[in-house]
file coords13.cif (mmCIF, C-alpha atoms)
data_upload
#
loop_
_atom_site.label_atom_id
_atom_site.label_comp_id
_atom_site.auth_asym_id
_atom_site.auth_seq_id
_atom_site.Cartn_x
_atom_site.Cartn_y
_atom_site.Cartn_z
CA MET A 729 0.00 0.00 0.00
CA SER A 730 1.39 3.38 -0.96
CA GLU A 731 1.62 6.23 1.55
CA LEU A 732 2.39 9.91 1.19
CA LEU A 733 5.96 10.78 2.14
CA LEU A 734 7.08 14.32 2.94
CA GLY A 735 10.84 14.81 2.86
CA GLY A 736 11.15 11.04 3.12
CA VAL A 737 8.95 10.83 6.23
CA ALA A 738 5.53 9.20 6.24
CA ALA A 739 2.77 11.76 6.70
CA SER A 740 1.04 9.40 9.14
CA ALA A 741 4.16 9.24 11.31
CA LEU A 742 4.39 13.04 11.38
CA ALA A 743 0.76 13.37 12.40
CA ALA A 744 1.12 10.68 15.06
CA GLU A 745 4.17 12.31 16.62
CA PHE A 746 3.36 16.00 16.28
CA GLY A 747 -0.44 16.14 15.96
CA THR A 748 -2.63 18.03 13.52
CA PRO A 749 -3.08 20.51 12.01
CA LEU A 750 0.63 20.49 11.26
CA TYR A 751 2.80 22.65 9.03
CA VAL A 752 5.50 20.54 7.34
CA TYR A 753 8.43 22.22 5.56
CA ASP A 754 10.83 20.44 3.21
CA GLU A 755 14.30 21.82 3.84
CA LEU A 756 15.82 20.55 0.60
CA GLU A 757 13.05 22.23 -1.40
CA LEU A 758 13.65 25.53 0.40
CA GLN A 759 17.35 25.27 -0.38
CA ALA A 760 16.87 24.25 -4.02
CA ARG A 761 14.51 27.13 -4.72
CA SER A 762 16.87 29.59 -3.06
CA ARG A 763 19.75 28.35 -5.20
CA ALA A 764 17.61 28.65 -8.34
CA TYR A 765 17.27 32.38 -7.71
CA LEU A 766 21.00 32.82 -7.27
CA ALA A 767 21.69 30.76 -10.39
CA GLY A 768 19.29 32.90 -12.43
CA LEU A 769 20.85 36.12 -11.19
CA GLU A 770 24.30 34.97 -12.27
CA SER A 771 23.35 35.96 -15.82
CA TYR A 772 23.23 39.65 -14.83
CA PRO A 773 26.56 41.27 -15.81
CA GLU A 774 26.98 43.27 -12.61
CA ALA A 775 26.36 42.73 -8.89
CA SER A 776 23.08 41.10 -7.91
CA ARG A 777 21.44 39.55 -4.89
CA ALA A 778 18.24 37.95 -3.69
CA VAL A 779 16.66 38.71 -0.34
CA TYR A 780 13.95 36.44 1.08
CA ALA A 781 10.64 38.17 1.83
CA CYS A 782 10.05 37.03 5.39
CA LYS A 783 6.38 38.05 5.25
CA ALA A 784 5.79 34.85 3.26
CA ASN A 785 6.88 32.72 6.21
CA ALA A 786 8.81 34.13 9.15
CA THR A 787 9.39 30.80 10.89
CA VAL A 788 13.00 31.04 12.05
CA ALA A 789 13.95 27.61 10.69
CA VAL A 790 12.53 28.51 7.27
CA ILE A 791 14.50 31.76 7.14
CA ALA A 792 17.62 29.91 8.32
CA ALA A 793 17.35 27.36 5.50
CA VAL A 794 17.13 30.17 2.96
CA ALA A 795 19.78 32.40 4.52
CA GLY A 796 22.10 29.42 4.65
CA GLU A 797 22.09 29.38 0.85
CA GLY A 798 23.28 33.00 0.70
CA LEU A 799 20.06 35.00 0.50
CA GLY A 800 19.47 38.13 2.53
CA ALA A 801 16.20 39.00 4.27
CA ASP A 802 13.39 41.42 3.49
CA VAL A 803 11.50 42.38 6.66
CA ALA A 804 8.45 44.54 7.35
CA SER A 805 8.50 44.91 11.14
CA ALA A 806 10.76 44.75 14.16
CA GLY A 807 9.36 41.24 14.73
CA GLU A 808 10.36 39.99 11.30
CA LEU A 809 13.76 41.61 11.76
CA ALA A 810 14.25 39.78 15.06
CA ALA A 811 13.29 36.48 13.40
CA ALA A 812 15.70 37.10 10.50
CA LEU A 813 18.58 37.93 12.82
CA ARG A 814 17.88 34.90 15.01
CA ALA A 815 17.90 32.79 11.82
CA GLY A 816 21.41 34.02 11.01
CA ALA A 817 20.72 36.63 8.34
CA ALA A 818 23.54 39.17 8.17
CA PRO A 819 22.25 42.63 9.18
CA GLU A 820 23.81 44.26 6.13
CA SER A 821 21.82 41.86 3.93
CA VAL A 822 18.49 43.00 5.40
CA ILE A 823 16.08 45.29 3.53
CA VAL A 824 13.39 46.98 5.62
CA HIS A 825 9.87 47.55 4.25
CA GLY A 826 6.56 48.97 5.43
CA ASN A 827 4.19 51.78 4.53
CA ASN A 828 3.86 52.97 8.15
CA LYS A 829 7.05 52.05 10.00
CA SER A 830 7.02 52.96 13.68
CA ASP A 831 9.96 54.48 15.51
CA ALA A 832 10.43 51.07 17.11
CA ASP A 833 10.60 49.39 13.69
CA LEU A 834 13.09 51.87 12.28
CA SER A 835 15.20 52.12 15.44
CA ALA A 836 15.58 48.34 15.53
CA ALA A 837 16.64 48.34 11.87
CA ILE A 838 19.06 51.25 12.09
CA GLU A 839 20.66 50.08 15.32
CA ALA A 840 21.07 46.55 13.93
CA GLY A 841 22.91 47.94 10.91
CA CYS A 842 20.37 46.89 8.28
CA GLY A 843 21.66 47.47 4.78
CA LEU A 844 18.71 49.31 3.25
CA VAL A 845 15.50 50.97 4.38
CA VAL A 846 12.83 51.31 1.69
CA VAL A 847 11.26 54.73 2.20
CA ASP A 848 7.52 54.77 1.53
CA HIS A 849 6.41 58.37 2.23
CA MET A 850 8.01 61.78 2.60
CA GLY A 851 7.68 62.01 6.37
CA GLU A 852 9.65 58.81 6.73
CA LEU A 853 12.80 60.53 5.48
CA ASP A 854 12.78 62.90 8.44
CA GLN A 855 11.98 59.96 10.71
CA VAL A 856 14.99 58.02 9.41
CA GLU A 857 17.20 61.10 9.71
CA ARG A 858 16.19 61.67 13.35
CA LEU A 859 16.73 58.03 14.34
CA ALA A 860 19.97 57.69 12.38
CA VAL A 861 21.35 60.74 14.17
CA ALA A 862 20.55 59.08 17.50
CA ALA A 863 22.32 55.92 16.34
CA SER A 864 25.31 57.86 14.91
CA ARG A 865 24.78 56.18 11.56
CA VAL A 866 24.24 57.14 7.94
CA GLN A 867 21.35 54.98 6.72
CA PRO A 868 21.18 54.00 3.02
CA VAL A 869 17.64 54.11 1.65
CA LEU A 870 15.71 53.12 -1.45
CA VAL A 871 12.75 55.15 -2.64
CA ARG A 872 9.73 53.03 -3.48
CA VAL A 873 8.07 54.27 -6.64
CA THR A 874 4.64 53.19 -7.90
CA PRO A 875 4.71 52.85 -11.70
CA GLY A 876 0.98 52.45 -12.28
CA ILE A 877 1.23 48.91 -13.62
CA ASP A 878 -1.74 46.63 -12.90
CA ALA A 879 -0.31 43.17 -12.37
CA ASP A 880 -2.46 40.29 -13.60
CA THR A 881 -3.26 38.96 -10.14
CA HIS A 882 -5.95 39.30 -7.48
CA GLN A 883 -6.77 42.94 -6.72
CA LYS A 884 -5.98 42.50 -3.02
CA ILE A 885 -2.38 41.52 -3.73
CA ARG A 886 -1.59 44.13 -6.40
CA THR A 887 0.80 46.81 -5.17
CA GLY A 888 2.14 48.64 -8.24
CA HIS A 889 -1.07 50.30 -9.46
CA HIS A 890 -1.79 54.02 -9.17
CA GLY A 891 -4.15 53.54 -6.22
CA SER A 892 -1.70 51.47 -4.15
CA LYS A 893 -1.16 52.32 -0.51
CA PHE A 894 2.55 51.65 -1.08
CA GLY A 895 5.25 53.95 -2.38
CA PHE A 896 5.47 57.32 -4.12
CA ALA A 897 3.89 58.53 -7.32
CA ALA A 898 6.61 59.15 -9.91
CA ALA A 899 6.87 62.92 -9.39
CA ASP A 900 6.88 62.51 -5.62
CA ALA A 901 9.63 59.88 -5.85
CA LEU A 902 11.86 62.47 -7.51
CA ASP A 903 11.16 64.90 -4.66
CA ALA A 904 11.94 62.15 -2.17
CA LEU A 905 15.32 61.45 -3.79
CA ASP A 906 16.14 65.17 -3.67
CA ARG A 907 15.07 65.39 -0.04
CA ALA A 908 17.09 62.30 0.90
CA GLY A 909 20.15 63.83 -0.75
CA SER A 910 19.83 66.92 1.43
CA LEU A 911 19.90 65.01 4.73
CA LEU A 912 23.17 64.32 6.52
CA HIS A 913 22.31 60.88 7.89
CA VAL A 914 20.34 59.50 4.93
CA GLN A 915 22.01 58.16 1.79
CA PRO A 916 19.79 57.84 -1.31
CA SER A 917 20.89 54.56 -2.87
CA GLY A 918 18.31 53.66 -5.49
CA LEU A 919 14.77 52.85 -6.51
CA HIS A 920 12.43 50.09 -5.44
CA VAL A 921 9.40 48.71 -7.32
CA HIS A 922 7.08 45.89 -6.31
CA LEU A 923 4.10 45.07 -8.52
CA GLY A 924 2.31 42.54 -6.35
CA SER A 925 2.14 38.87 -5.52
CA GLN A 926 1.36 35.65 -7.41
CA ILE A 927 2.42 37.05 -10.79
CA ASN A 928 2.56 34.40 -13.51
CA GLN A 929 3.40 36.45 -16.61
CA LEU A 930 6.96 37.53 -17.31
CA GLY A 931 5.60 40.35 -19.45
CA THR A 932 4.52 42.08 -16.24
CA TYR A 933 8.14 42.31 -15.14
CA ALA A 934 9.20 43.46 -18.60
CA LYS A 935 6.73 46.36 -18.31
CA ALA A 936 8.22 47.31 -14.95
CA VAL A 937 11.76 47.19 -16.32
CA ASP A 938 10.84 49.31 -19.33
CA TRP A 939 9.10 51.87 -17.14
CA LEU A 940 12.00 52.05 -14.69
CA VAL A 941 14.68 52.40 -17.36
CA SER A 942 12.74 55.19 -19.06
CA PHE A 943 12.19 56.88 -15.70
CA ILE A 944 15.88 56.63 -14.82
CA GLU A 945 16.98 58.00 -18.21
CA GLU A 946 14.43 60.83 -18.30
CA HIS A 947 15.40 62.13 -14.89
CA GLY A 948 19.15 61.50 -14.89
CA LEU A 949 19.13 58.86 -12.19
CA GLY A 950 21.68 56.55 -13.78
CA GLU A 951 24.21 56.98 -10.99
CA LEU A 952 21.95 55.45 -8.34
CA PRO A 953 23.77 52.27 -7.32
CA VAL A 954 20.80 49.94 -6.57
CA LEU A 955 17.68 48.86 -8.46
CA ASP A 956 15.26 46.62 -6.56
CA LEU A 957 12.57 44.89 -8.66
CA GLY A 958 10.76 43.34 -5.68
CA GLY A 959 9.31 39.85 -5.85
CA GLY A 960 5.97 38.29 -6.66
CA LEU A 961 6.76 35.29 -8.88
CA GLY A 962 3.71 33.01 -8.67
CA ILE A 963 3.41 29.34 -7.82
CA ALA A 964 0.91 26.56 -8.56
CA HIS A 965 -1.42 25.89 -5.64
CA ALA A 966 -3.74 23.53 -7.48
CA PRO A 967 -3.84 21.47 -10.69
CA GLY A 968 -4.02 23.68 -13.77
CA ASP A 969 -2.31 26.67 -12.14
CA ILE A 970 0.56 28.29 -14.02
CA GLU A 971 3.97 28.28 -12.35
CA LEU A 972 7.01 29.91 -13.92
CA GLU A 973 10.35 28.21 -13.36
CA ILE A 974 12.59 30.30 -11.16
CA GLN A 975 15.98 30.17 -12.89
CA PRO A 976 14.83 30.76 -16.49
CA SER A 977 12.44 33.47 -15.28
CA MET A 978 15.27 35.29 -13.52
CA GLU A 979 17.48 34.88 -16.57
CA ALA A 980 14.79 36.39 -18.79
CA ILE A 981 14.29 39.36 -16.44
CA CYS A 982 18.05 39.93 -16.19
CA ALA A 983 18.40 39.80 -19.97
CA HIS A 984 15.57 42.27 -20.50
CA LEU A 985 16.99 44.69 -17.94
CA THR A 986 20.51 44.40 -19.34
CA ASP A 987 19.34 45.02 -22.91
CA ALA A 988 17.22 47.99 -21.84
CA LEU A 989 20.03 49.63 -19.89
CA ILE A 990 22.48 49.15 -22.76
CA ALA A 991 19.98 50.49 -25.29
CA HIS A 992 19.53 53.65 -23.23
CA GLY A 993 23.24 54.06 -22.54
CA LEU A 994 22.80 53.66 -18.79
CA PRO A 995 25.18 52.10 -16.26
CA MET A 996 24.15 48.86 -14.62
CA PRO A 997 23.18 49.17 -10.95
CA GLU A 998 23.23 46.34 -8.46
CA LEU A 999 20.10 44.28 -9.08
CA VAL A 1000 18.03 43.12 -6.11
CA VAL A 1001 15.03 40.78 -6.14
CA GLU A 1002 12.83 39.84 -3.19
CA PRO A 1003 11.30 36.34 -3.58
CA GLY A 1004 9.02 34.98 -0.89
CA ARG A 1005 6.09 32.79 -1.92
CA SER A 1006 8.03 31.13 -4.76
CA ILE A 1007 10.58 29.83 -2.22
CA ALA A 1008 8.44 28.98 0.78
CA GLY A 1009 5.11 28.09 -0.83
CA PRO A 1010 5.89 24.79 -2.61
CA ALA A 1011 8.14 23.71 0.27
CA GLY A 1012 5.23 23.57 2.71
CA THR A 1013 2.39 21.08 3.26
CA THR A 1014 -0.32 21.20 5.91
CA LEU A 1015 -1.67 18.00 7.45
CA TYR A 1016 -5.25 17.81 8.74
CA ARG A 1017 -7.38 15.13 10.38
CA VAL A 1018 -10.86 14.62 8.92
CA GLY A 1019 -13.71 14.89 11.40
CA SER A 1020 -17.35 15.19 10.44
CA ILE A 1021 -18.65 14.17 7.02
CA LYS A 1022 -22.18 15.13 5.98
CA ARG A 1023 -24.40 15.93 3.03
CA ALA A 1024 -26.18 19.30 2.87
CA ALA A 1025 -29.71 19.78 1.52
CA ASP A 1026 -28.34 20.93 -1.85
CA GLY A 1027 -26.25 17.77 -2.19
CA THR A 1028 -22.89 19.27 -1.15
CA VAL A 1029 -20.82 16.69 0.73
CA TYR A 1030 -18.76 18.38 3.41
CA ALA A 1031 -15.66 16.84 4.95
CA ALA A 1032 -14.58 19.00 7.87
CA VAL A 1033 -10.99 19.07 9.10
CA ASP A 1034 -9.46 20.09 12.42
CA GLY A 1035 -8.14 23.42 11.14
CA GLY A 1036 -9.33 25.93 8.58
CA MET A 1037 -9.23 29.66 8.11
CA SER A 1038 -7.19 30.16 11.27
CA ASP A 1039 -4.21 28.29 9.82
CA ASN A 1040 -4.91 29.17 6.16
CA PRO A 1041 -6.97 32.34 5.68
CA ARG A 1042 -6.18 32.74 1.99
CA PRO A 1043 -9.27 30.96 0.55
CA ALA A 1044 -11.54 33.10 2.73
CA LEU A 1045 -9.61 36.32 2.05
CA TYR A 1046 -9.32 36.14 -1.73
CA GLY A 1047 -10.56 32.85 -3.04
CA ALA A 1048 -7.22 31.06 -3.20
CA ARG A 1049 -7.46 27.55 -4.66
CA TYR A 1050 -5.81 24.46 -3.17
CA THR A 1051 -5.86 20.72 -3.68
CA ALA A 1052 -5.65 17.86 -1.19
CA ILE A 1053 -4.20 14.35 -1.00
CA LEU A 1054 -5.50 11.44 1.05
CA CYS A 1055 -2.32 10.41 2.81
CA ASP A 1056 -2.84 6.65 3.10
CA ARG A 1057 -4.18 6.30 -0.46
CA PRO A 1058 -2.39 9.01 -2.44
CA ASP A 1059 -2.58 7.15 -5.75
CA GLU A 1060 -6.20 6.04 -5.55
CA GLU A 1061 -8.53 7.70 -8.02
CA GLY A 1062 -11.05 10.12 -6.56
CA ARG A 1063 -14.67 9.06 -6.98
CA THR A 1064 -16.55 11.34 -4.59
CA VAL A 1065 -16.81 15.12 -4.81
CA TYR A 1066 -16.16 16.81 -1.46
CA THR A 1067 -16.04 20.33 -0.13
CA ILE A 1068 -13.25 20.54 2.45
CA ALA A 1069 -14.46 22.77 5.27
CA GLY A 1070 -12.73 24.07 8.38
CA LYS A 1071 -14.03 23.90 11.94
CA HIS A 1072 -14.62 27.62 12.47
CA CYS A 1073 -17.91 29.42 13.00
CA GLU A 1074 -17.95 31.00 9.53
CA SER A 1075 -19.72 29.86 6.38
CA GLY A 1076 -16.69 31.19 4.51
CA ASP A 1077 -14.39 28.76 6.33
CA VAL A 1078 -13.93 26.50 3.31
CA LEU A 1079 -10.42 25.42 2.30
CA ILE A 1080 -11.36 23.68 -0.97
CA GLU A 1081 -14.66 24.30 -2.72
CA ARG A 1082 -14.66 21.17 -4.85
CA ILE A 1083 -12.34 18.20 -5.04
CA GLU A 1084 -12.67 14.56 -6.10
CA LEU A 1085 -11.19 12.20 -3.52
CA PRO A 1086 -11.48 8.53 -2.57
CA GLU A 1087 -14.22 7.90 -0.04
CA LEU A 1088 -13.32 9.69 3.19
CA HIS A 1089 -13.93 8.55 6.76
CA PRO A 1090 -13.55 10.34 10.09
CA GLY A 1091 -9.94 10.05 11.19
CA ASP A 1092 -8.48 10.09 7.67
CA LEU A 1093 -5.39 12.23 7.18
CA LEU A 1094 -5.40 14.87 4.44
CA ALA A 1095 -2.39 16.76 3.09
CA VAL A 1096 -2.81 20.19 1.47
CA PRO A 1097 0.36 21.02 -0.50
CA ALA A 1098 1.82 24.40 -1.47
CA THR A 1099 0.92 25.93 1.89
CA GLY A 1100 4.37 27.12 2.92
CA ALA A 1101 3.68 30.78 2.21
CA TYR A 1102 1.13 33.13 3.79
CA ASN A 1103 -0.37 30.36 5.93
CA ALA A 1104 1.70 30.33 9.11
CA SER A 1105 2.54 34.01 8.70
CA MET A 1106 -1.15 35.00 8.42
CA ALA A 1107 -2.49 32.48 10.94
CA SER A 1108 -4.83 33.62 13.69
CA THR A 1109 -6.36 32.22 16.86
CA TYR A 1110 -9.95 32.64 15.71
CA ASN A 1111 -12.38 30.79 18.01
CA GLN A 1112 -9.40 30.62 20.43
CA LEU A 1113 -7.97 27.79 18.36
CA PRO A 1114 -4.24 27.42 19.08
CA ARG A 1115 -1.94 27.81 16.09
CA PRO A 1116 -0.34 24.64 14.67
CA ALA A 1117 3.08 23.22 15.32
CA ALA A 1118 5.66 23.17 12.51
CA VAL A 1119 8.27 20.57 11.59
CA MET A 1120 11.17 20.56 9.15
CA VAL A 1121 11.73 17.36 7.19
CA THR A 1122 15.02 16.43 5.54
CA ASP A 1123 16.15 13.11 4.07
CA GLY A 1124 13.79 10.98 6.13
CA HIS A 1125 14.19 12.90 9.38
CA ALA A 1126 11.83 15.36 11.06
CA ARG A 1127 12.48 17.94 13.72
CA LEU A 1128 10.12 20.22 15.56
CA VAL A 1129 10.84 23.85 14.69
CA GLN A 1130 7.81 25.58 16.18
CA ARG A 1131 5.79 24.35 19.16
CA ARG A 1132 2.02 24.05 18.98
CA GLU A 1133 0.30 26.91 20.72
CA THR A 1134 -1.79 25.97 23.76
CA VAL A 1135 -5.01 27.26 25.24
CA GLU A 1136 -3.04 28.09 28.37
CA GLY A 1137 -0.69 30.16 26.21
CA LEU A 1138 -3.61 32.02 24.68
CA LEU A 1139 -5.03 32.84 28.10
CA ALA A 1140 -1.65 33.91 29.44
CA ARG A 1141 -2.13 37.27 27.70
CA GLU A 1142 -5.26 38.02 29.70
CA VAL A 1143 -4.95 40.41 32.67
#
call {"tool": "encode", "arguments": {"input": "coords13.cif", "output": "structure tokens"}}
result
Amino acid sequence: MSELLLGGVAASALAAEFGTPLYVYDELELQARSRAYLAGLESYPEASRAVYACKANATVAVIAAVAGEGLGADVASAGELAAALRAGAAPESVIVHGNNKSDADLSAAIEAGCGLVVVDHMGELDQVERLAVAASRVQPVLVRVTPGIDADTHQKIRTGHHGSKFGFAAADALDALDRAGSLLHVQPSGLHVHLGSQINQLGTYAKAVDWLVSFIEEHGLGELPVLDLGGGLGIAHAPGDIELEIQPSMEAICAHLTDALIAHGLPMPELVVEPGRSIAGPAGTTLYRVGSIKRAADGTVYAAVDGGMSDNPRPALYGARYTAILCDRPDEEGRTVYTIAGKHCESGDVLIERIELPELHPGDLLAVPATGAYNASMASTYNQLPRPAAVMVTDGHARLVQRRETVEGLLAREV
């Protein structure tokens, strides 16, 4: 009888030892995807680097696996910074994001010696100046510019359109660069663009490159030493989804940027990319135990699992699609159509709207793949449900990397 293996470990053994719901991360997959980014960037003629977007999954062991391959870290809070540093990311490799950074966020970054702060609004320049003075440091910054490009992705994860809450309009970005250049403890180091998440068309990146190169040429910004193209490369969550290969995608983006810079007679800045989902997503699987199974009046057959929107809010937030595998019969053909529901008090708590699976029974173990990104990092304690444990699997071995939350732990915050 076949059985689903994750990183060489039987899914049933993982569930028996660590319980469910359970986040399972494949260390070799994390490492291979990190190396694919570095391999793709090698085609760029000048300096380049990749920094892992910790918002995708800030589990320390996940960041450590990526940082161990030579990637830096992209953080959006003092908490993500602390996780990245604990994971071993070099402070100078860290890029700091956020559209409303607090003094605590920026102080932590500046005092740690983070390499770049991405400035998102004009007032932040004075904020960085004030805090850099206190830290006796000159802080390099990137100016985030919004090019007005509508990425072909869900509207809630687009960030480069004209109505985005992130970054400066083009004219304001020029003012921000001028202002940064006038401050004694701020060093304007380049431009940053991020178009959104789950992008599956390389043409979207080509549009961004063309816009940036024209913007740089038109306004005489060729001497800026850094150009950050952000991240957003999409992955396949379910059968039929498009997923672009990492290395050839990076090579195509590098080639387009190189050709555009040469055509416009511009120098080549250091190129930075910020992958997150495309590294962590396919490396993660969530295990659930099936509980109730019932048929609704309209004929829908619900199979409810012991987690749901608290450990994976993406289907409820923006209709994300997933698939599932019955762990003890992974190769058996599906004959029954199920809706996989969570256990929360919400009609919208549905993980998978429709999937054909072998006949399910209470106690069966289901695996939902491609859940390594924006699941743990967006998890909640809705209905006071403790957040799952997490394990790292490598070559047939599993180790606990994040303890399961407890009800006692939830109540410990009460005063």
call {"tool": "atom_distance", "arguments": {"input": "coords13.cif", "atom1": "CA of Gly962 (chain A)", "atom2": "CA of Tyr751 (chain A)"}}
result
20.5 Å
call {"tool": "resolve_selection", "arguments": {"input": "coords13.cif", "expression": "the PyMOL selection byres ((chain A and resi 819) around 12)", "output": "ChimeraX atom specification"}}
result
/A:779,795,799-803,809-818,820-824,836-845
call {"tool": "resolve_selection", "arguments": {"input": "coords13.cif", "expression": "the PyMOL selection byres ((chain A and resi 1057-1072) around 9)", "output": "ChimeraX atom specification"}}
result
/A:729-732,1028-1038,1052-1056,1073-1088,1110-1111,1113
call {"tool": "closest_residue", "arguments": {"input": "coords13.cif", "among": "A:Val1143, A:Ala1098, A:Leu905, A:Leu930", "to": "Ala966 (chain A)", "atoms": "only C-alpha atoms"}}
result
A:Ala1098
call {"tool": "closest_residue", "arguments": {"input": "coords13.cif", "among": "A:Glu1133, A:Tyr765, A:Ala988, A:Glu971", "to": "Trp939 (chain A)", "atoms": "all atoms listed in the file"}}
result
A:Ala988
call {"tool": "atom_distance", "arguments": {"input": "coords13.cif", "atom1": "CA of Ser1108 (chain A)", "atom2": "CA of Ser1006 (chain A)"}}
result
22.6 Å
call {"tool": "atom_distance", "arguments": {"input": "coords13.cif", "atom1": "CA of Ser1020 (chain A)", "atom2": "CA of Arg1049 (chain A)"}}
result
21.9 Å
call {"tool": "build_atoms", "arguments": {"input": "coords13.cif", "residues": "region 1027-1041 of chain A", "atoms": "N, CA and C atoms", "output": "mmCIF file, keeping the file's coordinate frame"}}
result
data_model
loop_
_atom_site.group_PDB
_atom_site.id
_atom_site.type_symbol
_atom_site.label_atom_id
_atom_site.label_comp_id
_atom_site.auth_asym_id
_atom_site.auth_seq_id
_atom_site.Cartn_x
_atom_site.Cartn_y
_atom_site.Cartn_z
ATOM 1 N N GLY A 1027 -27.062 18.870 -1.678
ATOM 2 C CA GLY A 1027 -26.250 17.770 -2.190
ATOM 3 C C GLY A 1027 -24.766 17.917 -1.933
ATOM 4 N N THR A 1028 -24.313 19.079 -1.456
ATOM 5 C CA THR A 1028 -22.890 19.270 -1.150
ATOM 6 C C THR A 1028 -22.460 18.312 -0.048
ATOM 7 N N VAL A 1029 -21.364 17.594 -0.279
ATOM 8 C CA VAL A 1029 -20.820 16.690 0.730
ATOM 9 C C VAL A 1029 -19.631 17.388 1.391
ATOM 10 N N TYR A 1030 -19.802 17.702 2.655
ATOM 11 C CA TYR A 1030 -18.760 18.380 3.410
ATOM 12 C C TYR A 1030 -17.913 17.371 4.183
ATOM 13 N N ALA A 1031 -16.593 17.541 4.070
ATOM 14 C CA ALA A 1031 -15.660 16.840 4.950
ATOM 15 C C ALA A 1031 -14.942 17.933 5.738
ATOM 16 N N ALA A 1032 -15.164 17.949 7.036
ATOM 17 C CA ALA A 1032 -14.580 19.000 7.870
ATOM 18 C C ALA A 1032 -13.275 18.510 8.493
ATOM 19 N N VAL A 1033 -12.291 19.411 8.537
ATOM 20 C CA VAL A 1033 -10.990 19.070 9.100
ATOM 21 C C VAL A 1033 -10.770 19.860 10.386
ATOM 22 N N ASP A 1034 -9.695 19.521 11.091
ATOM 23 C CA ASP A 1034 -9.460 20.090 12.420
ATOM 24 C C ASP A 1034 -8.706 21.416 12.394
ATOM 25 N N GLY A 1035 -8.695 22.070 11.255
ATOM 26 C CA GLY A 1035 -8.140 23.420 11.140
ATOM 27 C C GLY A 1035 -9.075 24.245 10.300
ATOM 28 N N GLY A 1036 -8.499 25.116 9.455
ATOM 29 C CA GLY A 1036 -9.330 25.930 8.580
ATOM 30 C C GLY A 1036 -8.772 27.311 8.394
ATOM 31 N N MET A 1037 -9.646 28.309 8.436
ATOM 32 C CA MET A 1037 -9.230 29.660 8.110
ATOM 33 C C MET A 1037 -8.287 30.261 9.151
ATOM 34 N N SER A 1038 -8.164 29.658 10.306
ATOM 35 C CA SER A 1038 -7.190 30.160 11.270
ATOM 36 C C SER A 1038 -5.763 29.804 10.878
ATOM 37 N N ASP A 1039 -5.561 28.663 10.254
ATOM 38 C CA ASP A 1039 -4.210 28.290 9.820
ATOM 39 C C ASP A 1039 -3.966 28.537 8.349
ATOM 40 N N ASN A 1040 -5.047 28.795 7.566
ATOM 41 C CA ASN A 1040 -4.910 29.170 6.160
ATOM 42 C C ASN A 1040 -6.062 30.094 5.786
ATOM 43 N N PRO A 1041 -5.887 31.409 5.979
ATOM 44 C CA PRO A 1041 -6.970 32.340 5.680
ATOM 45 C C PRO A 1041 -7.111 32.706 4.214
#
